[in-house]
file start_28.cif (mmCIF, C-alpha atoms and all ligand atoms)
data_my_file
#
loop_
_atom_site.label_atom_id
_atom_site.label_comp_id
_atom_site.auth_asym_id
_atom_site.auth_seq_id
_atom_site.Cartn_x
_atom_site.Cartn_y
_atom_site.Cartn_z
CA GLN B 1 7.93 -8.58 16.78
CA PRO B 2 5.43 -10.57 14.68
CA THR B 3 3.97 -8.91 11.59
CA LEU B 4 0.28 -8.07 11.19
CA ARG B 5 0.17 -10.77 8.58
CA GLN B 6 1.45 -13.40 11.02
CA LEU B 7 -0.79 -12.24 13.86
CA ALA B 8 -3.91 -12.31 11.70
CA GLN B 9 -3.03 -15.66 10.20
CA ALA B 10 -2.61 -17.17 13.64
CA ARG B 11 -6.18 -16.04 14.46
CA GLY B 12 -7.59 -17.55 11.27
CA ILE B 13 -8.12 -14.42 9.22
CA ALA B 14 -6.06 -12.55 6.65
CA PHE B 15 -4.74 -9.04 7.03
CA GLY B 16 -4.29 -7.01 3.89
CA SER B 17 -4.28 -3.61 2.27
CA ALA B 18 -4.95 -1.83 -0.95
CA VAL B 19 -1.64 -1.22 -2.69
CA SER B 20 -0.60 0.70 -5.76
CA GLN B 21 1.73 -0.84 -8.33
CA GLN B 22 3.21 2.56 -8.98
CA GLN B 23 4.24 2.90 -5.33
CA LEU B 24 5.49 -0.68 -5.14
CA ALA B 25 7.75 0.02 -8.10
CA ALA B 26 8.93 3.45 -6.96
CA ASP B 27 9.31 3.26 -3.20
CA THR B 28 11.45 0.68 -1.38
CA GLY B 29 10.09 1.44 2.07
CA TYR B 30 6.54 1.00 0.80
CA ARG B 31 7.46 -2.19 -1.03
CA ASP B 32 9.26 -3.73 1.93
CA TRP B 33 6.45 -2.97 4.33
CA ALA B 34 3.84 -4.39 1.95
CA GLY B 35 5.95 -7.47 1.32
CA ALA B 36 6.39 -8.17 5.02
CA GLN B 37 3.18 -7.06 6.73
CA LEU B 38 0.42 -8.01 4.32
CA GLY B 39 -1.10 -11.41 3.72
CA LEU B 40 -3.54 -10.07 1.13
CA LEU B 41 -3.13 -7.41 -1.55
CA VAL B 42 -5.87 -5.44 -3.27
CA PRO B 43 -4.71 -3.51 -6.31
CA GLU B 44 -6.16 -0.07 -5.52
CA THR B 45 -7.09 0.93 -9.07
CA GLU B 46 -5.25 -1.37 -11.47
CA PHE B 47 -8.11 -3.83 -12.10
CA ILE B 48 -10.73 -1.16 -12.66
CA TRP B 49 -12.05 -1.24 -16.21
CA GLY B 50 -11.15 2.34 -17.11
CA HIS B 51 -7.59 1.75 -15.91
CA LEU B 52 -7.21 -1.61 -17.64
CA GLN B 53 -8.65 -0.59 -20.95
CA PRO B 54 -8.47 3.12 -21.72
CA SER B 55 -8.61 2.33 -25.44
CA GLN B 56 -11.26 0.08 -26.91
CA LEU B 57 -9.19 -0.87 -29.94
CA GLN B 58 -6.05 -1.78 -28.03
CA GLY B 59 -7.81 -4.04 -25.57
CA PRO B 60 -6.84 -4.34 -21.92
CA ASN B 61 -3.31 -3.54 -20.80
CA PHE B 62 -2.34 -5.99 -18.07
CA ASP B 63 1.17 -4.65 -17.37
CA ASP B 64 0.37 -3.26 -13.92
CA THR B 65 -1.86 -6.11 -12.80
CA ASP B 66 0.67 -8.70 -14.01
CA GLN B 67 3.40 -7.05 -11.96
CA LEU B 68 1.24 -6.69 -8.92
CA VAL B 69 0.05 -10.29 -9.00
CA ALA B 70 3.66 -11.46 -9.53
CA PHE B 71 4.72 -9.43 -6.46
CA ALA B 72 1.99 -11.09 -4.41
CA GLU B 73 3.00 -14.55 -5.62
CA SER B 74 6.64 -13.98 -4.81
CA HIS B 75 5.58 -13.08 -1.26
CA GLY B 76 3.01 -15.85 -0.88
CA GLN B 77 0.19 -13.31 -0.60
CA GLN B 78 -3.44 -13.64 -1.65
CA VAL B 79 -4.93 -11.14 -4.10
CA ARG B 80 -8.43 -9.67 -4.06
CA GLY B 81 -9.41 -8.36 -7.47
CA HIS B 82 -11.12 -4.98 -7.28
CA THR B 83 -13.45 -4.65 -9.10
CA LEU B 84 -15.21 -6.16 -12.14
CA THR B 85 -18.39 -4.10 -12.21
CA TRP B 86 -18.62 -0.52 -10.96
CA HIS B 87 -20.20 2.73 -12.15
CA THR B 88 -17.02 4.70 -11.38
CA ASP B 89 -13.91 4.83 -13.58
CA LEU B 90 -15.49 3.13 -16.54
CA PRO B 91 -13.60 3.60 -19.81
CA SER B 92 -14.55 6.94 -21.33
CA TRP B 93 -15.09 5.29 -24.73
CA LEU B 94 -17.66 3.03 -23.11
CA THR B 95 -19.69 5.70 -21.32
CA ARG B 96 -19.50 7.94 -24.40
CA ASP B 97 -20.68 5.28 -26.84
CA VAL B 98 -23.40 4.04 -24.50
CA ALA B 99 -24.67 7.60 -24.02
CA ALA B 100 -24.66 8.12 -27.78
CA GLY B 101 -26.54 4.89 -28.39
CA VAL B 102 -23.63 3.51 -30.42
CA ILE B 103 -23.35 0.74 -27.85
CA GLY B 104 -26.83 -0.51 -27.02
CA PRO B 105 -27.88 -2.69 -24.04
CA GLU B 106 -27.13 -6.01 -25.78
CA ALA B 107 -23.70 -4.84 -26.94
CA LEU B 108 -22.96 -3.53 -23.44
CA LYS B 109 -23.89 -6.89 -21.97
CA ASP B 110 -21.53 -8.57 -24.41
CA LEU B 111 -18.65 -6.20 -23.56
CA HIS B 112 -19.30 -6.71 -19.84
CA ARG B 113 -19.16 -10.50 -20.31
CA ARG B 114 -15.97 -10.35 -22.33
CA HIS B 115 -14.39 -8.00 -19.80
CA ILE B 116 -15.09 -10.43 -16.95
CA GLU B 117 -14.01 -13.47 -18.95
CA SER B 118 -10.73 -11.92 -20.01
CA VAL B 119 -9.77 -10.48 -16.61
CA VAL B 120 -10.89 -13.35 -14.39
CA GLY B 121 -9.72 -15.94 -16.90
CA ARG B 122 -6.25 -14.45 -17.13
CA TYR B 123 -5.75 -14.67 -13.36
CA ARG B 124 -7.55 -17.96 -12.83
CA ASN B 125 -6.10 -19.73 -9.76
CA ARG B 126 -3.93 -16.67 -9.06
CA VAL B 127 -6.43 -14.08 -7.91
CA SER B 128 -8.36 -16.00 -5.29
CA MET B 129 -11.24 -13.57 -4.70
CA TRP B 130 -13.03 -10.90 -6.69
CA ASN B 131 -15.22 -7.96 -5.87
CA VAL B 132 -17.53 -8.89 -8.73
CA VAL B 133 -19.85 -5.96 -8.17
CA ASN B 134 -18.97 -2.79 -6.28
CA GLU B 135 -21.39 -0.28 -4.74
CA PRO B 136 -24.60 -1.22 -6.57
CA LEU B 137 -26.93 0.46 -4.08
CA ALA B 138 -28.23 3.97 -3.59
CA GLU B 139 -28.49 5.34 -0.05
CA ASN B 140 -32.19 4.43 0.12
CA GLY B 141 -31.33 0.78 -0.41
CA SER B 142 -32.58 0.39 -3.98
CA LEU B 143 -30.29 -0.22 -6.92
CA ARG B 144 -28.68 2.92 -8.32
CA THR B 145 -30.80 4.29 -11.13
CA ASP B 146 -29.95 8.00 -11.09
CA ALA B 147 -28.42 9.57 -14.17
CA LYS B 148 -24.99 10.01 -12.60
CA THR B 149 -24.39 6.59 -11.03
CA GLY B 150 -27.08 4.36 -12.51
CA PHE B 151 -25.08 3.27 -15.56
CA TRP B 152 -25.62 -0.47 -15.11
CA ALA B 153 -29.27 -0.60 -14.15
CA LEU B 154 -30.22 2.13 -16.63
CA ASN B 155 -28.60 0.27 -19.50
CA ALA B 156 -29.87 -3.19 -18.55
CA SER B 157 -30.75 -5.34 -21.51
CA ALA B 158 -33.88 -6.75 -19.86
CA PRO B 159 -36.39 -3.96 -19.28
CA GLY B 160 -37.75 -3.96 -15.74
CA ASP B 161 -34.99 -6.23 -14.47
CA PRO B 162 -32.31 -3.94 -13.02
CA GLN B 163 -30.62 -6.84 -11.11
CA GLU B 164 -29.81 -8.64 -14.35
CA TYR B 165 -26.31 -7.21 -14.69
CA ILE B 166 -25.45 -8.35 -11.17
CA ARG B 167 -26.61 -11.92 -11.75
CA ASN B 168 -24.77 -12.03 -15.06
CA ALA B 169 -21.54 -10.72 -13.57
CA PHE B 170 -21.46 -13.43 -10.89
CA HIS B 171 -22.28 -16.22 -13.34
CA TRP B 172 -19.59 -15.09 -15.79
CA ALA B 173 -17.01 -14.77 -13.02
CA ARG B 174 -17.81 -18.26 -11.70
CA GLU B 175 -17.43 -19.73 -15.18
CA ALA B 176 -14.11 -17.96 -15.70
CA ASP B 177 -12.66 -19.22 -12.38
CA PRO B 178 -14.77 -21.79 -10.51
CA ASP B 179 -12.46 -21.67 -7.48
CA ALA B 180 -12.37 -17.91 -6.88
CA LYS B 181 -14.47 -16.49 -4.05
CA LEU B 182 -16.99 -14.04 -5.48
CA TYR B 183 -17.95 -11.00 -3.43
CA LEU B 184 -20.36 -8.14 -3.60
CA ASN B 185 -18.71 -5.08 -2.04
CA GLU B 186 -20.59 -2.09 -0.60
CA TYR B 187 -20.20 0.94 1.64
CA GLY B 188 -22.71 2.50 4.00
CA ALA B 189 -24.09 -0.93 4.86
CA GLU B 190 -21.97 -1.31 8.01
CA TRP B 191 -24.81 -0.46 10.37
CA GLY B 192 -28.62 -0.77 10.37
CA SER B 193 -29.07 1.65 7.47
CA ALA B 194 -31.60 1.64 4.66
CA LYS B 195 -28.71 0.55 2.48
CA ALA B 196 -27.93 -2.42 4.74
CA ARG B 197 -31.56 -3.51 4.50
CA GLY B 198 -31.54 -3.06 0.73
CA LEU B 199 -28.34 -5.05 0.51
CA TYR B 200 -29.81 -7.86 2.56
CA ASN B 201 -32.88 -8.06 0.32
CA LEU B 202 -30.76 -7.93 -2.82
CA VAL B 203 -28.51 -10.72 -1.59
CA LYS B 204 -31.50 -12.87 -0.64
CA ASP B 205 -32.90 -12.34 -4.15
CA LEU B 206 -29.57 -13.33 -5.68
CA ILE B 207 -29.27 -16.48 -3.58
CA ALA B 208 -32.87 -17.44 -4.39
CA ALA B 209 -32.09 -17.00 -8.08
CA GLY B 210 -29.13 -19.39 -7.80
CA VAL B 211 -26.49 -16.71 -8.29
CA PRO B 212 -23.01 -17.92 -7.29
CA ILE B 213 -22.19 -15.36 -4.61
CA ASP B 214 -19.76 -16.32 -1.84
CA GLY B 215 -19.31 -13.24 0.26
CA ILE B 216 -20.12 -9.67 1.18
CA GLY B 217 -17.45 -7.03 1.57
CA PHE B 218 -18.08 -4.16 3.95
CA GLN B 219 -15.83 -1.30 2.92
CA THR B 220 -15.79 0.41 6.34
CA HIS B 221 -14.44 3.85 5.48
CA ALA B 222 -15.10 5.20 8.97
CA PRO B 223 -14.94 8.67 10.49
CA VAL B 224 -12.88 8.94 13.67
CA SER B 225 -16.07 9.62 15.63
CA SER B 226 -17.46 6.21 14.64
CA ARG B 227 -17.85 3.38 17.14
CA LEU B 228 -18.68 0.89 14.39
CA SER B 229 -21.77 0.02 16.36
CA GLY B 230 -23.98 -2.20 14.27
CA LEU B 231 -21.16 -3.65 12.20
CA GLU B 232 -21.03 -6.93 14.07
CA ASP B 233 -24.82 -7.44 13.96
CA THR B 234 -24.94 -6.57 10.28
CA MET B 235 -22.12 -8.90 9.36
CA ARG B 236 -23.66 -11.66 11.44
CA ARG B 237 -26.96 -11.40 9.55
CA PHE B 238 -25.17 -11.88 6.24
CA ALA B 239 -23.05 -14.69 7.60
CA ALA B 240 -26.28 -16.40 8.68
CA LEU B 241 -27.22 -16.58 4.99
CA GLY B 242 -24.25 -18.91 4.61
CA LEU B 243 -21.95 -16.26 3.17
CA GLU B 244 -18.44 -15.16 3.97
CA VAL B 245 -18.05 -11.59 5.15
CA ALA B 246 -15.01 -9.34 5.14
CA ILE B 247 -13.91 -5.84 6.04
CA THR B 248 -12.52 -4.74 2.71
CA GLU B 249 -11.51 -1.05 2.72
CA LEU B 250 -10.96 -0.11 6.33
CA ASP B 251 -9.66 3.35 7.09
CA VAL B 252 -10.44 5.88 9.79
CA ARG B 253 -10.42 9.45 8.60
CA VAL B 254 -9.40 12.19 10.95
CA PRO B 255 -8.93 15.89 10.18
CA MET B 256 -5.33 16.92 9.55
CA LEU B 257 -3.32 17.58 11.61
CA ALA B 258 -4.68 15.12 14.13
CA ASP B 259 -3.74 15.60 17.78
CA SER B 260 -2.85 12.73 20.09
CA ASP B 261 -6.43 12.33 21.37
CA GLU B 262 -7.70 11.95 17.84
CA LEU B 263 -4.97 9.46 16.98
CA ALA B 264 -5.89 7.45 20.07
CA GLN B 265 -9.52 7.52 19.05
CA GLN B 266 -8.57 6.44 15.54
CA ALA B 267 -6.64 3.53 17.04
CA GLU B 268 -9.76 2.49 18.96
CA VAL B 269 -11.78 2.32 15.77
CA TYR B 270 -9.14 0.22 14.01
CA GLY B 271 -9.04 -2.13 16.97
CA GLN B 272 -12.83 -2.33 17.04
CA ALA B 273 -12.94 -3.31 13.38
CA ALA B 274 -10.42 -6.09 13.89
CA LYS B 275 -12.29 -7.35 16.99
CA THR B 276 -15.50 -7.46 15.00
CA CYS B 277 -13.98 -9.61 12.28
CA LEU B 278 -12.29 -11.90 14.79
CA SER B 279 -15.55 -12.39 16.65
CA LEU B 280 -17.13 -13.66 13.42
CA ALA B 281 -14.20 -15.71 12.14
CA PRO B 282 -14.06 -18.00 10.25
CA ALA B 283 -17.16 -16.52 8.54
CA CYS B 284 -15.27 -13.22 8.55
CA THR B 285 -12.26 -13.99 6.42
CA SER B 286 -10.18 -10.84 6.34
CA VAL B 287 -9.53 -7.28 7.36
CA THR B 288 -8.17 -5.16 4.55
CA THR B 289 -7.19 -1.53 4.98
CA TRP B 290 -7.47 1.04 2.21
CA GLY B 291 -3.82 1.94 2.06
CA PHE B 292 -1.35 1.73 4.93
CA THR B 293 0.58 5.01 4.95
CA ASP B 294 -0.62 8.59 5.19
CA ALA B 295 1.92 9.37 2.46
CA HIS B 296 -0.50 7.81 -0.05
CA SER B 297 -4.04 8.50 0.95
CA TRP B 298 -7.07 8.61 -1.30
CA TYR B 299 -8.77 11.22 0.89
CA PRO B 300 -7.20 14.31 -0.69
CA SER B 301 -8.97 13.39 -3.95
CA SER B 302 -12.21 12.33 -2.24
CA GLU B 303 -15.10 14.29 -0.79
CA PHE B 304 -13.07 14.65 2.46
CA PRO B 305 -9.93 16.33 1.13
CA SER B 306 -8.46 17.46 4.45
CA TRP B 307 -9.03 14.17 6.28
CA GLY B 308 -5.98 12.38 4.92
CA ALA B 309 -4.37 10.90 8.03
CA ALA B 310 -6.55 7.81 7.83
CA THR B 311 -4.06 4.94 7.81
CA LEU B 312 -1.83 2.91 10.16
CA LEU B 313 1.48 4.64 9.40
CA ASP B 314 2.37 8.30 9.22
CA ALA B 315 3.72 9.84 6.04
CA SER B 316 7.26 8.76 7.01
CA MET B 317 6.10 5.16 7.50
CA ASN B 318 6.27 5.33 11.29
CA PRO B 319 3.62 3.24 13.08
CA LYS B 320 0.79 5.33 14.53
CA PRO B 321 -1.27 4.32 17.59
CA ALA B 322 -3.62 2.65 15.09
CA TYR B 323 -0.89 0.21 14.09
CA HIS B 324 -0.20 -0.71 17.71
CA ALA B 325 -3.91 -1.10 18.43
CA LEU B 326 -4.34 -3.44 15.48
CA SER B 327 -1.34 -5.48 16.43
CA ALA B 328 -2.59 -5.72 20.04
CA VAL B 329 -6.06 -6.90 18.97
CA LEU B 330 -4.80 -9.37 16.39
C1 LIG E 1 -10.58 5.06 -4.70
C2 LIG E 1 -9.09 5.00 -4.92
O1 LIG E 1 -8.45 4.88 -3.69
C3 LIG E 1 -8.63 6.21 -5.67
O2 LIG E 1 -7.25 6.12 -5.94
C4 LIG E 1 -9.44 6.32 -6.95
O3 LIG E 1 -9.07 7.49 -7.61
C5 LIG E 1 -10.92 6.35 -6.65
O4 LIG E 1 -11.26 5.21 -5.92
N1 LIG E 1 -14.59 2.75 -2.58
C6 LIG E 1 -13.96 1.90 -3.45
C7 LIG E 1 -12.61 2.21 -3.91
O5 LIG E 1 -14.48 0.82 -3.74
O6 LIG E 1 -12.36 1.75 -5.23
C8 LIG E 1 -12.31 3.69 -3.82
O7 LIG E 1 -10.96 3.86 -4.13
C9 LIG E 1 -12.64 4.22 -2.46
C10 LIG E 1 -14.10 4.04 -2.16
#

call {"tool": "encode", "arguments": {"input": "start_28.cif", "output": "structure tokens", "more": "lines below"}}
Ligand code: XIL
result
Amino acid sequence: QPTLRQLAQARGIAFGSAVSQQQLAADTGYRDWAGAQLGLLVPETEFIWGHLQPSQLQGPNFDDTDQLVAFAESHGQQVRGHTLTWHTDLPSWLTRDVAAGVIGPEALKDLHRRHIESVVGRYRNRVSMWNVVNEPLAENGSLRTDAKTGFWALNASAPGDPQEYIRNAFHWAREADPDAKLYLNEYGAEWGSAKARGLYNLVKDLIAAGVPIDGIGFQTHAPVSSRLSGLEDTMRRFAALGLEVAITELDVRVPMLADSDELAQQAEVYGQAAKTCLSLAPACTSVTTWGFTDAHSWYPSSEFPSWGAATLLDASMNPKPAYHALSAVL
């Protein structure tokens, strides 16, 4: 029985998942499955600024990311770095000092640059793609500028130029590793939404400004009722700009405990996502799921707490219909 990794590779795309270093270290079943089935690893939280550098004075702590990248290398797997610029899980010292005016816009820009240089530079030629910017857009398609999530645009050093931090982030990442593929990653842009239109306009602006952007990641956290209609058209429009596209955080949430009809429907959606990427390959480079076992789901801590059975394997690591659907499509 070929692995998902082998099946995907034979079709010219990569199959991967978010993984947690803590689980890799603690759980043999989890580690073995990840080692065998995945061609691409995305550290689920380990690269996020607040996780890397909880203390300003001590600088970043690369223990977890070093181990995770070493695991990937020993299995010949690619790594997608997630993520260099996001409004969520920033270090608390950073948000506190920015709010207090202790760190002003120029100092923030400098910290942002040094963060990207140190992280991307450390894994140069080892982490082959980065989500340079994650979730920059509000639902209406404009950049986030609200008090809760607008950290980057609100603290921009150039007044009236809220895209500046995005351009900077891509330029700094390119300088730190000229060979890494640089992605902008977003959710809610998988169909013809206001956000998808905003994303398209943003990306056109970035390209026109000479920003080194290589690809767009569509997270694709889907409800079980979804048909993913629109995803293929949307991805095709971005590919037509000369960019790579990828499905970066696929999962299909279903209320617990799901019955067999719901699990079959979930399998359909997984299969549909893989078909969509295959139909756009090689412009679509990969399908990455957000976790692979219901034993470790992010949903219980999300806004959908009782929708945790979103992955390919049940909590005992047994393949669900979704796994079989994916392996049939790939
Ligand atoms: C989630 C992680 O899975 C959680 O462990 C963490 O506490 C919060 O973030 N979009 C993203 C991911 O880009 O980083 C999010 O991951 C899920 C939504």

call {"tool": "residues_around", "arguments": {"input": "start_28.cif", "residues": "Ser157 of chain B", "least_positions_apart": "5", "cutoff": "8 Å", "atoms": "all atoms listed in the file", "output": "list in words"}}
result
Pro105, Glu106, Lys109 and Glu164 of chain B

call {"tool": "atom_distance", "arguments": {"input": "start_28.cif", "atom1": "atom CA of Ile247 of chain B", "atom2": "atom CA of Gln53 of chain B"}}
result
28.0 Å

call {"tool": "atom_distance", "arguments": {"input": "start_28.cif", "atom1": "atom CA of Val252 of chain B", "atom2": "atom CA of His221 of chain B"}}
result
6.2 Å

call {"tool": "closest_residue", "arguments": {"input": "start_28.cif", "among": "B:His296, B:Arg237, B:Arg80, B:Arg5", "to": "Tyr123 of chain B", "atoms": "all atoms listed in the file"}}
result
B:Arg80

call {"tool": "closest_atom_pairs", "arguments": {"input": "start_28.cif", "of": "chain B", "to": "ligand LIG 1 (chain E)", "cutoff": "8 Å", "atoms": "all atoms listed in the file", "output": "JSON lines"}}
result
{"residue": "B:Glu44", "atom": "CA", "partner": "E:LIG1", "partner_atom": "O1", "distance": 5.8}
{"residue": "B:Thr45", "atom": "CA", "partner": "E:LIG1", "partner_atom": "O2", "distance": 6.1}
{"residue": "B:His82", "atom": "CA", "partner": "E:LIG1", "partner_atom": "O6", "distance": 7.1}
{"residue": "B:Thr83", "atom": "CA", "partner": "E:LIG1", "partner_atom": "O6", "distance": 7.6}
{"residue": "B:Thr88", "atom": "CA", "partner": "E:LIG1", "partner_atom": "C5", "distance": 7.9}
{"residue": "B:Asp89", "atom": "CA", "partner": "E:LIG1", "partner_atom": "C5", "distance": 7.7}
{"residue": "B:Asn134", "atom": "CA", "partner": "E:LIG1", "partner_atom": "O5", "distance": 6.3}
{"residue": "B:Glu135", "atom": "CA", "partner": "E:LIG1", "partner_atom": "O5", "distance": 7.1}
{"residue": "B:Asn185", "atom": "CA", "partner": "E:LIG1", "partner_atom": "O5", "distance": 7.5}
{"residue": "B:Glu186", "atom": "CA", "partner": "E:LIG1", "partner_atom": "O5", "distance": 7.5}
{"residue": "B:Tyr187", "atom": "CA", "partner": "E:LIG1", "partner_atom": "N1", "distance": 7.2}
{"residue": "B:Gln219", "atom": "CA", "partner": "E:LIG1", "partner_atom": "N1", "distance": 6.9}
{"residue": "B:His221", "atom": "CA", "partner": "E:LIG1", "partner_atom": "C10", "distance": 7.6}
{"residue": "B:Glu249", "atom": "CA", "partner": "E:LIG1", "partner_atom": "N1", "distance": 7.2}
{"residue": "B:Trp290", "atom": "CA", "partner": "E:LIG1", "partner_atom": "O1", "distance": 7.1}
{"residue": "B:Gly291", "atom": "CA", "partner": "E:LIG1", "partner_atom": "O1", "distance": 7.9}
{"residue": "B:Ser297", "atom": "CA", "partner": "E:LIG1", "partner_atom": "O1", "distance": 7.4}
{"residue": "B:Trp298", "atom": "CA", "partner": "E:LIG1", "partner_atom": "O1", "distance": 4.6}
{"residue": "B:Tyr299", "atom": "CA", "partner": "E:LIG1", "partner_atom": "O1", "distance": 7.8}
{"residue": "B:Ser301", "atom": "CA", "partner": "E:LIG1", "partner_atom": "O3", "distance": 6.9}
{"residue": "B:Ser302", "atom": "CA", "partner": "E:LIG1", "partner_atom": "C5", "distance": 7.5}

call {"tool": "closest_atom_pairs", "arguments": {"input": "start_28.cif", "of": "segment 146-249 of chain B", "to": "segment 7-13 of chain B", "cutoff": "12 Å", "atoms": "only C-alpha atoms", "output": "CSV"}}
result
residue,atom,partner,partner_atom,distance
B:Glu244,CA,B:Ile13,CA,11.6
B:Val245,CA,B:Ile13,CA,11.1
B:Ala246,CA,B:Ile13,CA,9.5
B:Ile247,CA,B:Ile13,CA,10.8

call {"tool": "residues_around", "arguments": {"input": "start_28.cif", "residues": "Leu199 of chain B", "least_positions_apart": "2", "cutoff": "10 Å", "atoms": "only C-alpha atoms", "output": "list in words"}}
result
Glu135, Pro136, Leu137, Ala138, Gly141, Ser142, Leu143, Leu184, Asn185, Glu186, Ala189, Ser193, Ala194, Lys195, Ala196, Arg197, Asn201, Leu202, Val203, Lys204, Asp205, Ile216 and Phe238 of chain B

call {"tool": "write_last_selection", "arguments": {"input": "start_28.cif", "atoms": "C-alpha atoms", "output": "PDB file, keeping the file's coordinate frame"}}
result
ATOM      1  CA  GLU B 135     -21.390  -0.280  -4.740  1.00  0.00           C
ATOM      2  CA  PRO B 136     -24.600  -1.220  -6.570  1.00  0.00           C
ATOM      3  CA  LEU B 137     -26.930   0.460  -4.080  1.00  0.00           C
ATOM      4  CA  ALA B 138     -28.230   3.970  -3.590  1.00  0.00           C
ATOM      5  CA  GLY B 141     -31.330   0.780  -0.410  1.00  0.00           C
ATOM      6  CA  SER B 142     -32.580   0.390  -3.980  1.00  0.00           C
ATOM      7  CA  LEU B 143     -30.290  -0.220  -6.920  1.00  0.00           C
ATOM      8  CA  LEU B 184     -20.360  -8.140  -3.600  1.00  0.00           C
ATOM      9  CA  ASN B 185     -18.710  -5.080  -2.040  1.00  0.00           C
ATOM     10  CA  GLU B 186     -20.590  -2.090  -0.600  1.00  0.00           C
ATOM     11  CA  ALA B 189     -24.090  -0.930   4.860  1.00  0.00           C
ATOM     12  CA  SER B 193     -29.070   1.650   7.470  1.00  0.00           C
ATOM     13  CA  ALA B 194     -31.600   1.640   4.660  1.00  0.00           C
ATOM     14  CA  LYS B 195     -28.710   0.550   2.480  1.00  0.00           C
ATOM     15  CA  ALA B 196     -27.930  -2.420   4.740  1.00  0.00           C
ATOM     16  CA  ARG B 197     -31.560  -3.510   4.500  1.00  0.00           C
ATOM     17  CA  ASN B 201     -32.880  -8.060   0.320  1.00  0.00           C
ATOM     18  CA  LEU B 202     -30.760  -7.930  -2.820  1.00  0.00           C
ATOM     19  CA  VAL B 203     -28.510 -10.720  -1.590  1.00  0.00           C
ATOM     20  CA  LYS B 204     -31.500 -12.870  -0.640  1.00  0.00           C
ATOM     21  CA  ASP B 205     -32.900 -12.340  -4.150  1.00  0.00           C
ATOM     22  CA  ILE B 216     -20.120  -9.670   1.180  1.00  0.00           C
ATOM     23  CA  PHE B 238     -25.170 -11.880   6.240  1.00  0.00           C
TER      24      PHE B 238
END

call {"tool": "closest_residue", "arguments": {"input": "start_28.cif", "among": "B:Tyr165, B:Phe218, B:Trp93, B:Trp191", "to": "Ser55 of chain B", "atoms": "only C-alpha atoms"}}
result
B:Trp93

call {"tool": "closest_residue", "arguments": {"input": "start_28.cif", "among": "B:Cys277, B:Ala156, B:Leu257, B:Ala72", "to": "Ala239 of chain B", "atoms": "all atoms listed in the file"}}
result
B:Cys277

call {"tool": "residues_around", "arguments": {"input": "start_28.cif", "residues": "Asp259 of chain B", "least_positions_apart": "5", "cutoff": "12 Å", "atoms": "only C-alpha atoms", "output": "ChimeraX atom specification"}}
result
/B:254,264-266,309,320-321

call {"tool": "write_last_selection", "arguments": {"input": "start_28.cif", "atoms": "C-alpha atoms", "output": "compact mmCIF listing (two decimals), in the coordinates of the input"}}
result
# COMPACT_ATOMS: atom_id res chain seq x y z
CA VAL B 254 -9.40 12.19 10.95
CA ALA B 264 -5.89 7.45 20.07
CA GLN B 265 -9.52 7.52 19.05
CA GLN B 266 -8.57 6.44 15.54
CA ALA B 309 -4.37 10.90 8.03
CA LYS B 320 0.79 5.33 14.53
CA PRO B 321 -1.27 4.32 17.59

call {"tool": "residues_around", "arguments": {"input": "start_28.cif", "residues": "Asp63 of chain B", "least_positions_apart": "6", "cutoff": "12 Å", "atoms": "all atoms listed in the file", "output": "list in words"}}
result
Gln21, Gln22, Glu46, Phe47, His51, Leu52, Gln53, Val69 and Ala70 of chain B

call {"tool": "residues_around", "arguments": {"input": "start_28.cif", "residues": "Ala295 of chain B", "least_positions_apart": "5", "cutoff": "12 Å", "atoms": "only C-alpha atoms", "output": "number ranges by chain"}}
result
B: 23, 27, 29-30, 300, 308-318

call {"tool": "closest_residue", "arguments": {"input": "start_28.cif", "among": "B:Ser20, B:Gln56, B:Gln6, B:Thr293", "to": "Ala36 of chain B", "atoms": "all atoms listed in the file"}}
result
B:Gln6

call {"tool": "residues_near_point", "arguments": {"input": "start_28.cif", "point": "(-20.2, -2.3, -24.7)", "cutoff": "9 Å", "atoms": "all atoms listed in the file", "output": "list in words"}}
result
Leu94, Thr95, Asp97, Val98, Val102, Ile103, Gly104, Pro105, Glu106, Ala107, Leu108, Lys109, Asp110, Leu111 and His112 of chain B

call {"tool": "write_last_selection", "arguments": {"input": "start_28.cif", "atoms": "C-alpha atoms", "output": "tab-separated table (two decimals), in the frame of the given file"}}
result
chain	number	residue	atom	x	y	z
B	94	LEU	CA	-17.66	3.03	-23.11
B	95	THR	CA	-19.69	5.70	-21.32
B	97	ASP	CA	-20.68	5.28	-26.84
B	98	VAL	CA	-23.40	4.04	-24.50
B	102	VAL	CA	-23.63	3.51	-30.42
B	103	ILE	CA	-23.35	0.74	-27.85
B	104	GLY	CA	-26.83	-0.51	-27.02
B	105	PRO	CA	-27.88	-2.69	-24.04
B	106	GLU	CA	-27.13	-6.01	-25.78
B	107	ALA	CA	-23.70	-4.84	-26.94
B	108	LEU	CA	-22.96	-3.53	-23.44
B	109	LYS	CA	-23.89	-6.89	-21.97
B	110	ASP	CA	-21.53	-8.57	-24.41
B	111	LEU	CA	-18.65	-6.20	-23.56
B	112	HIS	CA	-19.30	-6.71	-19.84

call {"tool": "closest_residue", "arguments": {"input": "start_28.cif", "among": "B:Asp233, B:Glu190, B:Asp146, B:Asp214", "to": "Arg174 of chain B", "atoms": "all atoms listed in the file"}}
result
B:Asp214

call {"tool": "closest_residue", "arguments": {"input": "start_28.cif", "among": "B:Val127, B:Ala147, B:Ala322, B:Val120", "to": "Trp172 of chain B", "atoms": "only C-alpha atoms"}}
result
B:Val120

call {"tool": "residues_near_point", "arguments": {"input": "start_28.cif", "point": "(-26.5, -8.2, -12.8)", "cutoff": "10 Å", "atoms": "only C-alpha atoms", "output": "ChimeraX atom specification"}}
result
/B:85,109,132-133,136,152-153,156,161-171,206,211

call {"tool": "atom_distance", "arguments": {"input": "start_28.cif", "atom1": "atom CA of Ala176 of chain B", "atom2": "atom CA of Trp86 of chain B"}}
result
18.6 Å
